[in-house]
Structure formats: C-alpha cells, structure tokens
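Peer 1: Can you read through this structure? Questions will come right after.
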Amino acid sequence: MASSPCGSGNFDCGLEIQTRSVEQTLIPLVSQITTLINHKDKLKKTEKTLRAIQRVGQAVSVAVGRFVAVGEAIAAENEDLKDEMGLACFEARRAGTAIAQLTDVSSLEQCEGDGRSTVFSDRTGMVKAARMLLSSVTKVLVLADCIVIKQIISSRNKVLVTLEQLERVSTFQEFVQIFSQFGNEMVEFAHLTGDRQNDLKDEKKRARMAAARAVLEKCTMMLLTASKTCLRHPDCESARINKEAVFQRMRLALEQVIEIVTDTRSSGEAKALPISIYAGIKDFKVKVEGLRDSLYCVSCEAVAAQLEALMEKTEDFTDSAYTSHEQRETIIQLCQITRQETKQLINTWRHAQQSLKAKEATDEMELSILKTCQSVSDLRRELHRVAVGRATELLKLHSDHLVLQALKASGGDGNLEAVADYAGTLTEHKEQLVETCRLLCHISGTEPLEITCIHAEETFRVIGPQIISAAQTLALHPTSKIAKENLDVFCEAWESQLCDMAILLKEINDVFEGRRGDKKTYLSLPRPGKHSASLKTVKAAKLDAEEQTTIAKLGLELCLLTSDVDSEVERWDEQDHEMVRLCQIISSMAYSMYLFTRGEGLLKTTLDLFHQAEVLSDQGLQLCHILHSLSTQLLDEDRILILSETEKLSDACQQLQVCAKTPVQGKSAIFQKVDSSIQNTKGILTVVVYLLPICNKLIRKCKSERSCVASPQHWREKQSNTTVSEETLNGKGSNGFGVKSLEQHMANLTFLESK
C-alpha cells in the first residue's frame with residue numbers, strides 16, 4: 001500500500017478499499033466505464049448506438065465533475081490532505097474530460113469524417129482514460145475515508161483525556177460535571193464507531209469492533225457506579241480495585257477500536273488468532289483431498305505434523321475436569337482412529353509416489369483419503385457435541401442466578417464470611433464458563449464467531465472478580481445505597497453476557513448445521529424524495545449511552561424471540577409457504593430493531609426505528625389475513641384456536657402501528673415510544689412463535705387428509721368461488737393474501753449504500 005496520505009505516521013490509508021461505502025460508490029462508475037470499453041469491435045454505428053454512447057460518456061463526465069467538486073471542498077477543509085486530494089481531483093477531472101471527448105460521437109458523419117479520435121478509433125486511449133479515472137476516484141474516496149478515521153481517533157483522544165480526569169476526581173460535584181462531558185463524548189464515539197463497524201468489509205474486523213464496542217457500552221455504566229462508590233468510600237480497598245479494573249478495561253477497548261480502524265497494532269506485529277480445531281481440521285482435509293490432483297502438492301511429513309498439532313489441541317477437551325469419562329474415552333478413541341487412517345494414507349501415498357507411473361491418486365489411495373476425511377469429520381462432530389452440550393448445561397444451571405442473589409443478600413447483611421463462600425462458588429462458575437467459551441471457540445466454524453467466543457471468555461474472566469470486589473465493598477458498607485447499586489450493575493453485566501452466550505450458541509449451531517449464523521437485516525427506510533415529504537416535521541434522534549443501557553435487556557429478549565421464530569420456521573416442510581416467508585421477514589425486521597438497541601445495524605435513528613416498526617406491523621396484518629384463510633379450512637376446535645390467536649396478533653400489530661405513527665416530542669417521550677415499540681414487537685413475535693408449530697401441524701394434517709391447504713394461492717382460488725371478502729366490499733381489492741416478491745418489495749426500500 002502507499003504511504004499514509006493522512007499526514008499521520010501511525011496508520012496507512014493507501015488504495016486498499018476496506019469499507020463497503022467506498023466499494024458501493026465505485027460500482028456504478030465501473031459499470032458505466034465497462035460499458036464504454038467493452039463495446040464490440042465491429043459495432044454497428046447506428047444513430048441510436050451513437051446517442052447511447054454519448055449519453056453514457058456525458059453522464060460519466062458530469063458525475064465526475066460533481067464528485068471532484070466535493071473532493072476539492074474536502075481538501076480545502078483538511079490542510080494535511082490538500083495536496084494529495086487536489087492532485088487526485090485534478091487527475092479525475094482530466095480523465096472525465098478525456099472520456100467525454102472520446103464519446104462525443106453524436107452523428108455518423110462526425111464519427112467517420114473528421115479524423116478525430118473517438119471511442120471507436122482510439123480504444124487504447126479510452127482504456128487509459130478509464131484506468132486513470134478509476135484510480136483517481138478511488139484515491140479521492142480512500143483519502144476522504146481517512147478523514148472518517150481521523151474523526152474516530154480525535155473522538156477517542158477526547159474520551160481518553162476526560163477518562164483520565166474522571167479517574168483523578170475527588171469530589172462528587174467535580175465528578176458529575178466531568179461525567180456529563182464524558183457521556184456526550186462517548187455517545188459521539190459510539191455513533192462514529194457504529195457507522196464504521198457496519199461499513200467494514202472484513203468480517204473479522206466487524207466482529208472485533210462489535211466486541212470492543214460491547215465492552216465500552218457495558219463499562220460506561222460500570223464506570224459511573226464504581227466511581228461513585230469509590231468517592232463515597234475513599235478508604236475502601238475493594239472499591240478502589242473495582243474502579244481501577246473498569247478504567248483499565250475501557251482503555252484496552254478504546255485501543256482495540258483504534259487498532260481496527262487504522263489496521264495497526266500498538267505492539268507492531270499483527271496478532272493472529274490461535275488456530276482452532278475447526279480451522280485446523282478444515283485445512284487438514286483440504287491438504288488430504290488435494291492429493292487426488294497431485295501426489296506432490298504437500299509432503300507426508302507436513303500432513304503428519306499437522307495431524308499431531310490437531311491431536312494436541314483436543315487435549316483442551318480431554319484434560320478438562322468437566323468432561324465426563326465417557327466423553328473423554330470417545331474423543332481419545334476417535335483420535336486413535338484418525339491417527340490410524342492417516343498413517344494408512346501416508347503408507348499408501350508413499351507407495352504411489354515410488355511407482356513411476358502413478359501421478360494421481362490410485363483407487364487404494366482414494367479409499368484412504370475418504371476414510372481419513374471421514375475420521376476427522378467424526379472427531380469434529382463429537383467435539384461439537386461435547387462443547388455445545390457443556391454450554392447448554394451451564395446456561396440452564398445459571399439461568400436462576402442463585403449465586404448472584406446470594407452475594408447481594410450476603411453483602412446487604414454485612415456478612416463478609418458468607419460473601420467469601422459465595423465468591424468461591426462464583427469463581428468456580430467463572431472458570432467453567434471461561435473454559436466452555438474456549439471449547440466453543442475451537443468448534444465455532446467461522447472466524448467472526450471465534451472472535452465472539454474469545455470476547456465472551458474475556459468478559460467472564462474480568463467480570464467475575466469485579467462482582468466479588470463489588471460484593472466485598474457492600475459487605476463492608478451494608479447500608480450504602482451506591483455500593484448496592486454498583487453490585488447490581490456488575491451482576492446485570494454477568495446476566496447480559498449469559499444472554500449473549502445463548503445467542504452465540506445458536507449461531508454456532510447454525511453454522512454447524514449448514515445455516516449461516518449471521519442474520520440479514522431487513523430494512524424499510526424511506527427513499528429520499530419519495531417518502532420523506534411526510535417525515536419532514538419529525539425530528540430524527542439517536543439513543544444516548546444511558547438509554548441504550550436501559551433498553552439493552554429488552555433488546556436481548558427481542559433477539560432471543562427472533563431466534564425462536566427462525567427455529568420454528570426451519571421445521572416447516574414447505575419452506576416456500578407464504579406464511580414462512582412472512583414470518584422470516586417479520587423476524588428479520590425485529591432483529592434489525594434489536595441491533596438498534598445496541599447502537600448497531602443500519603437503523604440509525606429513532607425515525608428509522610419507528611418506520612421499521614410501522615412496516616413490521618403491516619407484515620403482521622398480512623399474516624393475519626393468511627391465518628383467517630387457514631381457519632376456514634379447519635374444524636371447530638382448531639378454527640377457534642387459530643382465530644383467537646389471530647385476534648391477539650392483530651391487536652398487537654395495531655398497537656404497534658398506532659405507537660409508530662403517534663407523533664411525540666421531547667427526549668423522554670421519544671425514549672418511551674422506543675420502549676413501547678420494542679415491547680409491542682415482542683408481543684407480535686411471542687404470538688408468532690406460538691402459532692408457527694400449530695399451523696405447521698394443522699397444514700400437514702389438512703394436506704394428508706384432504707390435500708386442500710397447500711398455499712395461500714390455493715385458498716384464494718377456493719374462496720373466490722364461494723365468498724366475497726370484506727376487503728373487496730370496502731374497495732380494498734381482493735388480493736388480500738399476496739406478498740410481493742422479495743425483489744419487488746426491496747425495490748421500495750433504501751439500503752444505506754454509501755455515507
């Protein structure tokens with residue numbers, strides 16, 4: 001990459017495109033230029049063709065002119081980028097002018113008679129101009145992206161300065177004043193880094209950014225209560241330890257964000273992820289299967305060494321005190337089988353290499369390859385079963401949070417001895433969770449999920465001792481309200497991480513079973529100039545850090561409901577059923593609302609959230625129409641059940657619609673509307689989760705008995721011969737059950753393609 005154009009020696013902003021917004025901005029330009037370059041050599045020069053080529057050339061030239069004007073304005077505002085940005089803009093303008101001249105072929109006479117260079121006569125010139133244009137435009141975009149990076153660095157620096165001031169305060173009055181400033185700076189930093197996270201192309205960087213931002217989000221509230229506790233009890237050692245741990249964790253998270261956005265590390269060398277068992281098995285199988293094409297693509301020694309490295313990693317499972325004897329024996333047996341099959345493969349492989357005629361795998365070797373790959377797959381499956389089973393058991397065990405409740409009670413009673421006893425129990429639970437996260441990392445299946453597992457492991461490792469120090473402080477000062485509040489905050493962070501672990505577990509299972517763990521966000525933002533007329537008077541706002549913390553638990557509950565909907569949908573035989581498609585859309589919309597509560601995703605403001613809620617309620621009402629049609633095919637008892645639940649769903653959708661459309665003013669009222677929107681969405685998903693298995697069972701039953709409930713299209717055909725719908729009488733049209741195709745529906749949505 002080129003040297004840093006940002007005037008800062010600590011990071012590089014060359015021509016490597018790292019963000020989706022830059023990439024998406026370039027796509028239309030690349031498409032137009034490709035059209036101009038890739039015309040047929042013997043293109044028939046009709047007037048229509050010439051006019052089309054000229055229009056494309058002029059469009060490129062005009063677009064470049066506007067683009068360059070923006071680039072020059074950016075250069076004027078940023079002195080350290082002025083020279084490089086100015087040069088890139090000059091080259092882009094020159095290339096745009098050259099393309100306009102080469103495509104100025106408005107008539108056949110001009111094209112053939114004046115001897116001037118055109119796109120037809122000077123293809124080389126066209127290619128050269130196109131390359132210059134793409135290179136200069138890309139450089140302008142990347143330089144502009146450097147400004148975003150500088151904004152994040154500047155915002156981080158402000159946060160660090162205020163953080164140091166907070167750490168040194170000695171009075172409540174001073175603390176309140178500085179923390180207010182700190183909160184505003186953290187909100188700005190959260191929005192900048194959230195936008196950056198969504199814009200990053202690299203999945204690993206997005207996962208690392210999400211982990212760092214999650215730490216900052218949770219630590220902000222911890223910092224508030226830990227600092228207040230330390231101010232109230234300045235001579236308390238456990239309060240000081242508690243506070244210092246929070247400040248240290250925040251600094252590390254801030255540093256990680258900068259490492260990600262600048263693509264550097266403070267220690268110099270990039271830190272690679274430890275190789276997981278899943279990744280090791282995947283690479284091992286690639287090498288083994290590659291022997292089918294060439295017996296010399298890898299050495300026997302390399303394959304044997306890689307296998308032993310894999311076997312060594314399985315010791316994390318077999319050496320664990322929490323692995324049962326039966327599980328340990330099974331893993332060891334599968335490791336022995338894998339070693340035997342690999343040894344047999346290597347023997348067959350060497351024999352084939354010694355044969356002068358053999359260049360590819362023999363039949364005997366093909367069999368060994370299959371057996372070796374099957375043995376490592378069996379091993380991976382067993383390791384997955386053990387890790388997921390362990391995690392599931394732990395989540396059930398800790399679902400009642402008895403130890404946390406006991407620590408709170410003991411601390412409130414001032415019972416230091418009891419606090420010490422329960423602290424030992426919590427430490428044991430922490431070690432179990434840390435080790436389980438390490439095992440999940442081995443079998444997670446993707447690098448982003450590995451990063452999330454590492455984050456979960458680190459969170460449990462750090463928060464465990466912090467809960468204990470907070471409980472010790474409360475036990476020393478049992479009447480202190482702030483010490484009690486501080487312990488509550490750390491316990492809530494522990495509970496929140498358990499919820500995150502449940503979501504992580506589902507995503508790991510999704511990957512293992514062949515489903516991608518990442519849920520696509522479904523957006524319904526209004527297009528500029530199309531829907532915005534009715535929204536001009538509505539003020540768009542973002543949640544601040546405190547509001548995000550308040551609503552985080554509600555958001556997690558919504559997220560878990562979307563997972564339940566997805567699980568129920570996957571059990572349907574008819575995956576193309578209209579009910580399935582609607583439920584998937586509703587679930588995906590709800591998931592994007594959950595991301596909003598975390599300050600992530602593409603719903604940026606409360607206005608976006610309310611519009612999303614309104615569209616979600618419309619989809620829910622469409623689902624009600626389908627359920628009504630289904631009820632007409634059922635017997636009395638089943639029909640009454642479906643109609644009853646449909647009425648609940650309809651009420652919940654209408655409540656959400658009214659809530660989303662009701663205008664409010666004021667920070668408190670807007671937050672209350674956000675809370676109500678999430679609550680009503682939860683109500684909709686709760687009914688959907690209940691209905692999905694029932695409807696699946698009823699549709700199967702009807703299909704087997706009468707073969708009459710195949711799809712909403714079939715219901716429509718049957719009803720059109722017997723009844724006239726209420727919607728038709730009201731002039732709403734008879735097609736009440738149809739859902740537009742995804743492509744058609746998405747055409748009416750705005751995806752934030754560029755900044």
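The chains in the structure tokens are called A, B, ... from first to last as shown; in each chain the residues are counted from 1, and the ligands are counted from 1 in the order shown.
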Near A:Gln197, within 7 Å and counting only C-alpha atoms, which residues show up once chain neighbours fewer than 3 positions away are dropped, as a ChimeraX atom specification?
Peer 2: /A:193-194,200,206,209
Peer 1: I'd like to know which of A:Gln18, A:Lys218, A:Ala418, A:Ala144 is closest to A:Ala75, using only C-alpha atoms.
Peer 2: A:Ala144
Peer 1: Might you pull out every residue within 12 Å of stretch 383-387 of chain A, with only C-alpha atoms counted and same-chain residues fewer than 4 positions away left off, and present them as number ranges by chain?
Peer 2: A: 276-278, 281, 311, 313-318, 320, 322-328, 330-332, 334-335, 376-379, 391-394, 432-433, 435-445, 505, 508-509, 511-513
Peer 1: Excluding A:Val176 and its own-chain neighbours fewer than 5 positions away, which residues fall within 12 Å of it when counting only C-alpha atoms? Please give them as a list in words.
Peer 2: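 The residues satisfying every condition are Gln165, Leu166, Val169, Ser170, Thr171, Gln181, Phe182, Gly183, Leu224, Thr225, Ser227, Lys228 and Leu231 of chain A.
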Peer 1: Can you write just those residues out, all heavy atoms, as a tab-separated table (two decimals), in the first residue's frame?
Peer 2:
chain	number	residue	atom	x	y	z
A	165	GLN	N	-9.33	12.49	33.56
A	165	GLN	CA	-9.85	13.47	34.51
A	165	GLN	C	-10.82	12.80	35.50
A	165	GLN	O	-10.79	13.08	36.70
A	165	GLN	CB	-10.57	14.60	33.77
A	165	GLN	CG	-9.64	15.46	32.93
A	165	GLN	CD	-10.40	16.47	32.09
A	165	GLN	OE1	-11.63	16.45	32.03
A	165	GLN	NE2	-9.68	17.36	31.42
A	166	LEU	N	-11.66	11.90	34.98
A	166	LEU	CA	-12.61	11.18	35.84
A	166	LEU	C	-11.89	10.34	36.88
A	166	LEU	O	-12.33	10.21	38.02
A	166	LEU	CB	-13.52	10.28	35.00
A	166	LEU	CG	-14.75	10.91	34.35
A	166	LEU	CD1	-15.45	9.90	33.45
A	166	LEU	CD2	-15.72	11.42	35.41
A	169	VAL	N	-10.73	12.59	39.90
A	169	VAL	CA	-11.64	13.48	40.65
A	169	VAL	C	-11.70	13.07	42.12
A	169	VAL	O	-11.53	11.90	42.46
A	169	VAL	CB	-13.06	13.48	40.04
A	169	VAL	CG1	-13.06	14.03	38.64
A	169	VAL	CG2	-13.67	12.10	40.10
A	170	SER	N	-11.98	14.07	42.97
A	170	SER	CA	-12.02	13.80	44.41
A	170	SER	C	-13.32	14.25	45.06
A	170	SER	O	-13.54	13.99	46.25
A	170	SER	CB	-10.84	14.49	45.11
A	170	SER	OG	-10.86	15.88	44.83
A	171	THR	N	-14.19	14.93	44.29
A	171	THR	CA	-15.47	15.38	44.84
A	171	THR	C	-16.61	14.98	43.92
A	171	THR	O	-16.43	14.84	42.71
A	171	THR	CB	-15.49	16.92	45.00
A	171	THR	OG1	-15.46	17.53	43.70
A	171	THR	CG2	-14.32	17.39	45.84
A	181	GLN	N	-19.78	15.50	30.59
A	181	GLN	CA	-18.99	15.71	29.37
A	181	GLN	C	-18.56	14.36	28.78
A	181	GLN	O	-18.62	14.15	27.57
A	181	GLN	CB	-17.76	16.56	29.70
A	181	GLN	CG	-16.82	16.77	28.52
A	181	GLN	CD	-15.54	17.48	28.94
A	181	GLN	OE1	-15.48	18.07	30.02
A	181	GLN	NE2	-14.51	17.40	28.11
A	182	PHE	N	-18.14	13.46	29.65
A	182	PHE	CA	-17.70	12.13	29.22
A	182	PHE	C	-18.83	11.38	28.50
A	182	PHE	O	-18.62	10.75	27.46
A	182	PHE	CB	-17.23	11.32	30.43
A	182	PHE	CG	-16.87	9.90	30.13
A	182	PHE	CD1	-15.68	9.58	29.51
A	182	PHE	CD2	-17.73	8.86	30.47
A	182	PHE	CE1	-15.34	8.27	29.23
A	182	PHE	CE2	-17.41	7.54	30.21
A	182	PHE	CZ	-16.20	7.25	29.59
A	183	GLY	N	-20.05	11.49	29.04
A	183	GLY	CA	-21.19	10.82	28.42
A	183	GLY	C	-21.45	11.32	27.02
A	183	GLY	O	-21.69	10.52	26.09
A	224	LEU	N	-19.60	4.57	36.02
A	224	LEU	CA	-20.40	5.53	36.80
A	224	LEU	C	-20.56	5.05	38.24
A	224	LEU	O	-20.26	5.78	39.19
A	224	LEU	CB	-21.76	5.71	36.13
A	224	LEU	CG	-22.79	6.55	36.90
A	224	LEU	CD1	-22.28	7.97	37.10
A	224	LEU	CD2	-24.14	6.54	36.19
A	225	THR	N	-21.04	3.82	38.41
A	225	THR	CA	-21.32	3.34	39.77
A	225	THR	C	-20.04	3.03	40.54
A	225	THR	O	-19.97	3.27	41.75
A	225	THR	CB	-22.22	2.10	39.72
A	225	THR	OG1	-21.59	1.08	38.93
A	225	THR	CG2	-23.57	2.43	39.11
A	227	SER	N	-17.13	4.52	40.21
A	227	SER	CA	-16.52	5.79	40.61
A	227	SER	C	-17.28	6.42	41.78
A	227	SER	O	-16.68	6.93	42.74
A	227	SER	CB	-16.49	6.75	39.43
A	227	SER	OG	-15.69	6.25	38.38
A	228	LYS	N	-18.60	6.38	41.70
A	228	LYS	CA	-19.41	6.94	42.79
A	228	LYS	C	-19.15	6.19	44.10
A	228	LYS	O	-19.07	6.79	45.18
A	228	LYS	CB	-20.90	6.88	42.42
A	228	LYS	CG	-21.31	7.91	41.38
A	228	LYS	CD	-22.66	7.60	40.76
A	228	LYS	CE	-23.79	7.65	41.76
A	228	LYS	NZ	-25.10	7.37	41.13
A	231	LEU	N	-15.83	7.27	45.48
A	231	LEU	CA	-15.92	8.61	46.06
A	231	LEU	C	-16.63	8.59	47.42
A	231	LEU	O	-16.26	9.31	48.35
A	231	LEU	CB	-16.66	9.56	45.11
A	231	LEU	CG	-15.89	10.02	43.87
A	231	LEU	CD1	-16.82	10.73	42.89
A	231	LEU	CD2	-14.73	10.93	44.25
Peer 1: Counting only C-alpha atoms, what is within 6 Å of stretch 487-493 of chain A, bar same-chain residues fewer than 2 positions away, as a list in words?
Peer 2: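 In the requested format, the answer is Ile467, Ala470, Lys484, Glu485, Glu495 and Ser496 of chain A.
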Peer 1: Emit the selected residues as a compact mmCIF listing (two decimals), in the first residue's frame, including N, CA, C and O atoms.
Peer 2:
# COMPACT_ATOMS: atom_id res chain seq x y z
N ILE A 467 -17.40 -8.55 40.24
CA ILE A 467 -18.60 -8.80 41.06
C ILE A 467 -18.19 -9.07 42.51
O ILE A 467 -18.80 -8.55 43.46
N ALA A 470 -17.09 -5.88 44.21
CA ALA A 470 -18.27 -5.05 44.49
C ALA A 470 -19.05 -5.60 45.67
O ALA A 470 -19.57 -4.84 46.51
N LYS A 484 -24.64 -0.86 46.84
CA LYS A 484 -25.64 -1.84 46.39
C LYS A 484 -25.92 -1.68 44.90
O LYS A 484 -25.99 -2.66 44.15
N GLU A 485 -26.07 -0.43 44.46
CA GLU A 485 -26.32 -0.16 43.04
C GLU A 485 -25.15 -0.64 42.18
O GLU A 485 -25.34 -1.20 41.10
N GLU A 495 -25.30 -11.29 33.81
CA GLU A 495 -26.52 -11.87 33.25
C GLU A 495 -26.64 -11.56 31.75
O GLU A 495 -27.05 -12.42 30.95
N SER A 496 -26.27 -10.34 31.38
CA SER A 496 -26.31 -9.95 29.97
C SER A 496 -25.36 -10.79 29.14
O SER A 496 -25.69 -11.21 28.02
Peer 1: Go ahead and compute the interatomic distance for atom CA of A:Ile241 and atom CA of A:Thr229, in Å to one decimal.
Peer 2: 11.3 Å
Peer 1: Expressed in Å to a single decimal, how great is the separation between atom CA of A:Ala88 and atom CA of A:Gly65?
Peer 2: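 Spanning atom CA of A:Ala88 to atom CA of A:Gly65 is a straight-line distance of 12.7 Å.
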Peer 1: Choose the residue, out of A:Glu458, A:Glu364, A:Glu450, A:Glu244, that has the smallest atom-to-atom separation from A:Glu507; count only C-alpha atoms.
Peer 2: A:Glu450
Peer 1: Take atom CA of A:Ala190 and atom CA of A:Leu216 and report the distance between them in Å, one decimal.
Peer 2: 8.6 Å
Peer 1: Quick one: residues within 7 Å of stretch 659-664 of chain A, only C-alpha atoms counted, chain neighbours fewer than 4 positions away excluded, as a PyMOL selection string?
Peer 2: chain A and resi 610-611+613-614+655+669-670+673+677
Peer 1: Write out as an mmCIF file with N, CA, C and O atoms, in the first residue's frame each polymer residue whose atoms come within 12 Å of stretch 336-339 of chain A, counting only C-alpha atoms; drop sequence neighbours fewer than 2 positions from it.
Peer 2:
data_model
loop_
_atom_site.group_PDB
_atom_site.id
_atom_site.type_symbol
_atom_site.label_atom_id
_atom_site.label_comp_id
_atom_site.auth_asym_id
_atom_site.auth_seq_id
_atom_site.Cartn_x
_atom_site.Cartn_y
_atom_site.Cartn_z
ATOM 1 N N ILE A 281 -8.895 -28.685 11.236
ATOM 2 C CA ILE A 281 -9.486 -29.828 10.522
ATOM 3 C C ILE A 281 -9.815 -29.446 9.079
ATOM 4 O O ILE A 281 -9.585 -30.217 8.142
ATOM 5 N N PHE A 284 -6.618 -29.338 7.169
ATOM 6 C CA PHE A 284 -6.100 -30.709 7.041
ATOM 7 C C PHE A 284 -6.832 -31.455 5.927
ATOM 8 O O PHE A 284 -6.210 -32.123 5.085
ATOM 9 N N LYS A 285 -8.158 -31.334 5.890
ATOM 10 C CA LYS A 285 -8.940 -32.023 4.860
ATOM 11 C C LYS A 285 -8.636 -31.477 3.468
ATOM 12 O O LYS A 285 -8.605 -32.230 2.492
ATOM 13 N N VAL A 303 1.762 -33.310 6.514
ATOM 14 C CA VAL A 303 0.440 -33.811 6.877
ATOM 15 C C VAL A 303 0.489 -34.476 8.255
ATOM 16 O O VAL A 303 -0.398 -34.255 9.099
ATOM 17 N N ALA A 304 1.512 -35.264 8.505
ATOM 18 C CA ALA A 304 1.643 -35.938 9.802
ATOM 19 C C ALA A 304 1.804 -34.920 10.935
ATOM 20 O O ALA A 304 1.200 -35.056 12.013
ATOM 21 N N ALA A 305 2.597 -33.877 10.680
ATOM 22 C CA ALA A 305 2.816 -32.851 11.710
ATOM 23 C C ALA A 305 1.526 -32.071 11.990
ATOM 24 O O ALA A 305 1.219 -31.750 13.149
ATOM 25 N N GLN A 306 0.775 -31.778 10.934
ATOM 26 C CA GLN A 306 -0.475 -31.042 11.128
ATOM 27 C C GLN A 306 -1.477 -31.872 11.925
ATOM 28 O O GLN A 306 -2.203 -31.343 12.772
ATOM 29 N N LEU A 307 -1.497 -33.180 11.657
ATOM 30 C CA LEU A 307 -2.405 -34.049 12.404
ATOM 31 C C LEU A 307 -2.044 -34.050 13.890
ATOM 32 O O LEU A 307 -2.929 -33.955 14.748
ATOM 33 N N GLU A 308 -0.761 -34.134 14.198
ATOM 34 C CA GLU A 308 -0.347 -34.158 15.599
ATOM 35 C C GLU A 308 -0.683 -32.841 16.301
ATOM 36 O O GLU A 308 -1.039 -32.828 17.480
ATOM 37 N N ALA A 309 -0.568 -31.743 15.568
ATOM 38 C CA ALA A 309 -0.941 -30.448 16.146
ATOM 39 C C ALA A 309 -2.433 -30.429 16.480
ATOM 40 O O ALA A 309 -2.847 -29.897 17.521
ATOM 41 N N LEU A 310 -3.236 -31.044 15.611
ATOM 42 C CA LEU A 310 -4.678 -31.146 15.863
ATOM 43 C C LEU A 310 -4.962 -32.004 17.088
ATOM 44 O O LEU A 310 -5.792 -31.655 17.939
ATOM 45 N N MET A 311 -4.281 -33.142 17.163
ATOM 46 C CA MET A 311 -4.491 -34.043 18.292
ATOM 47 C C MET A 311 -4.118 -33.362 19.614
ATOM 48 O O MET A 311 -4.768 -33.572 20.645
ATOM 49 N N THR A 314 -6.924 -31.209 20.904
ATOM 50 C CA THR A 314 -8.059 -31.915 21.507
ATOM 51 C C THR A 314 -7.857 -32.139 23.005
ATOM 52 O O THR A 314 -8.805 -32.478 23.722
ATOM 53 N N GLU A 329 -13.295 -40.753 26.788
ATOM 54 C CA GLU A 329 -12.947 -42.005 26.124
ATOM 55 C C GLU A 329 -13.321 -41.970 24.639
ATOM 56 O O GLU A 329 -12.566 -42.441 23.781
ATOM 57 N N THR A 330 -14.477 -41.408 24.329
ATOM 58 C CA THR A 330 -14.918 -41.329 22.931
ATOM 59 C C THR A 330 -13.975 -40.462 22.108
ATOM 60 O O THR A 330 -13.601 -40.814 20.976
ATOM 61 N N ILE A 331 -13.572 -39.311 22.672
ATOM 62 C CA ILE A 331 -12.659 -38.411 21.951
ATOM 63 C C ILE A 331 -11.316 -39.083 21.716
ATOM 64 O O ILE A 331 -10.756 -39.022 20.606
ATOM 65 N N ILE A 332 -10.787 -39.735 22.742
ATOM 66 C CA ILE A 332 -9.493 -40.422 22.602
ATOM 67 C C ILE A 332 -9.577 -41.521 21.552
ATOM 68 O O ILE A 332 -8.667 -41.696 20.716
ATOM 69 N N GLN A 333 -10.676 -42.273 21.550
ATOM 70 C CA GLN A 333 -10.852 -43.343 20.565
ATOM 71 C C GLN A 333 -10.905 -42.779 19.148
ATOM 72 O O GLN A 333 -10.283 -43.325 18.225
ATOM 73 N N LEU A 334 -11.633 -41.667 18.961
ATOM 74 C CA LEU A 334 -11.730 -41.057 17.625
ATOM 75 C C LEU A 334 -10.382 -40.496 17.180
ATOM 76 O O LEU A 334 -10.053 -40.535 15.983
ATOM 77 N N GLU A 341 -5.966 -44.039 10.396
ATOM 78 C CA GLU A 341 -6.357 -43.816 8.999
ATOM 79 C C GLU A 341 -5.341 -42.928 8.287
ATOM 80 O O GLU A 341 -5.034 -43.149 7.111
ATOM 81 N N THR A 342 -4.809 -41.946 9.003
ATOM 82 C CA THR A 342 -3.812 -41.061 8.389
ATOM 83 C C THR A 342 -2.511 -41.820 8.141
ATOM 84 O O THR A 342 -1.850 -41.621 7.103
ATOM 85 N N LYS A 343 -2.144 -42.679 9.075
ATOM 86 C CA LYS A 343 -0.936 -43.483 8.896
ATOM 87 C C LYS A 343 -1.077 -44.396 7.679
ATOM 88 O O LYS A 343 -0.139 -44.523 6.866
ATOM 89 N N GLN A 344 -2.255 -45.015 7.527
ATOM 90 C CA GLN A 344 -2.502 -45.868 6.372
ATOM 91 C C GLN A 344 -2.452 -45.057 5.075
ATOM 92 O O GLN A 344 -1.908 -45.501 4.055
ATOM 93 N N LEU A 345 -3.017 -43.840 5.123
ATOM 94 C CA LEU A 345 -2.984 -42.971 3.944
ATOM 95 C C LEU A 345 -1.549 -42.637 3.552
ATOM 96 O O LEU A 345 -1.187 -42.691 2.362
ATOM 97 N N ILE A 346 -0.726 -42.301 4.550
ATOM 98 C CA ILE A 346 0.664 -41.933 4.254
ATOM 99 C C ILE A 346 1.417 -43.117 3.656
ATOM 100 O O ILE A 346 2.217 -42.960 2.711
ATOM 101 N N SER A 368 -8.325 -44.474 1.101
ATOM 102 C CA SER A 368 -7.662 -43.965 2.301
ATOM 103 C C SER A 368 -7.998 -42.492 2.533
ATOM 104 O O SER A 368 -8.177 -42.056 3.673
ATOM 105 N N ILE A 369 -8.073 -41.737 1.439
ATOM 106 C CA ILE A 369 -8.435 -40.317 1.553
ATOM 107 C C ILE A 369 -9.839 -40.184 2.144
ATOM 108 O O ILE A 369 -10.074 -39.382 3.062
ATOM 109 N N LEU A 370 -10.761 -40.978 1.629
ATOM 110 C CA LEU A 370 -12.140 -40.926 2.123
ATOM 111 C C LEU A 370 -12.218 -41.296 3.596
ATOM 112 O O LEU A 370 -12.917 -40.646 4.391
ATOM 113 N N LYS A 371 -11.512 -42.353 3.995
ATOM 114 C CA LYS A 371 -11.541 -42.796 5.390
ATOM 115 C C LYS A 371 -10.906 -41.766 6.322
ATOM 116 O O LYS A 371 -11.409 -41.529 7.435
ATOM 117 N N THR A 372 -9.809 -41.163 5.878
ATOM 118 C CA THR A 372 -9.143 -40.152 6.707
ATOM 119 C C THR A 372 -10.046 -38.946 6.919
ATOM 120 O O THR A 372 -10.202 -38.447 8.046
ATOM 121 N N CYS A 373 -10.648 -38.473 5.836
ATOM 122 C CA CYS A 373 -11.541 -37.311 5.939
ATOM 123 C C CYS A 373 -12.759 -37.627 6.802
ATOM 124 O O CYS A 373 -13.211 -36.789 7.588
ATOM 125 N N GLN A 374 -13.278 -38.839 6.673
ATOM 126 C CA GLN A 374 -14.431 -39.229 7.478
ATOM 127 C C GLN A 374 -14.074 -39.297 8.956
ATOM 128 O O GLN A 374 -14.850 -38.873 9.822
ATOM 129 N N SER A 375 -12.872 -39.767 9.260
ATOM 130 C CA SER A 375 -12.467 -39.899 10.664
ATOM 131 C C SER A 375 -12.316 -38.528 11.333
ATOM 132 O O SER A 375 -12.737 -38.344 12.478
ATOM 133 N N VAL A 376 -11.737 -37.542 10.621
ATOM 134 C CA VAL A 376 -11.595 -36.213 11.241
ATOM 135 C C VAL A 376 -12.956 -35.515 11.326
ATOM 136 O O VAL A 376 -13.204 -34.733 12.261
ATOM 137 N N SER A 377 -13.843 -35.823 10.379
ATOM 138 C CA SER A 377 -15.199 -35.262 10.458
ATOM 139 C C SER A 377 -15.949 -35.822 11.658
ATOM 140 O O SER A 377 -16.672 -35.095 12.353
ATOM 141 N N ASP A 378 -15.777 -37.124 11.912
ATOM 142 C CA ASP A 378 -16.400 -37.745 13.086
ATOM 143 C C ASP A 378 -15.852 -37.125 14.372
ATOM 144 O O ASP A 378 -16.602 -36.893 15.335
ATOM 145 N N LEU A 379 -14.553 -36.861 14.381
ATOM 146 C CA LEU A 379 -13.932 -36.237 15.553
ATOM 147 C C LEU A 379 -14.502 -34.836 15.773
ATOM 148 O O LEU A 379 -14.855 -34.463 16.897
ATOM 149 N N ARG A 380 -14.603 -34.071 14.706
ATOM 150 C CA ARG A 380 -15.153 -32.713 14.821
ATOM 151 C C ARG A 380 -16.596 -32.756 15.341
ATOM 152 O O ARG A 380 -16.990 -31.946 16.182
#
Peer 1: Could you tell me which of A:Asn415, A:Thr446, A:Gln101, A:Thr425 comes closest to A:His401 if we count only C-alpha atoms?
Peer 2: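 Among the listed residues, the smallest separation from A:His401 belongs to A:Thr425.
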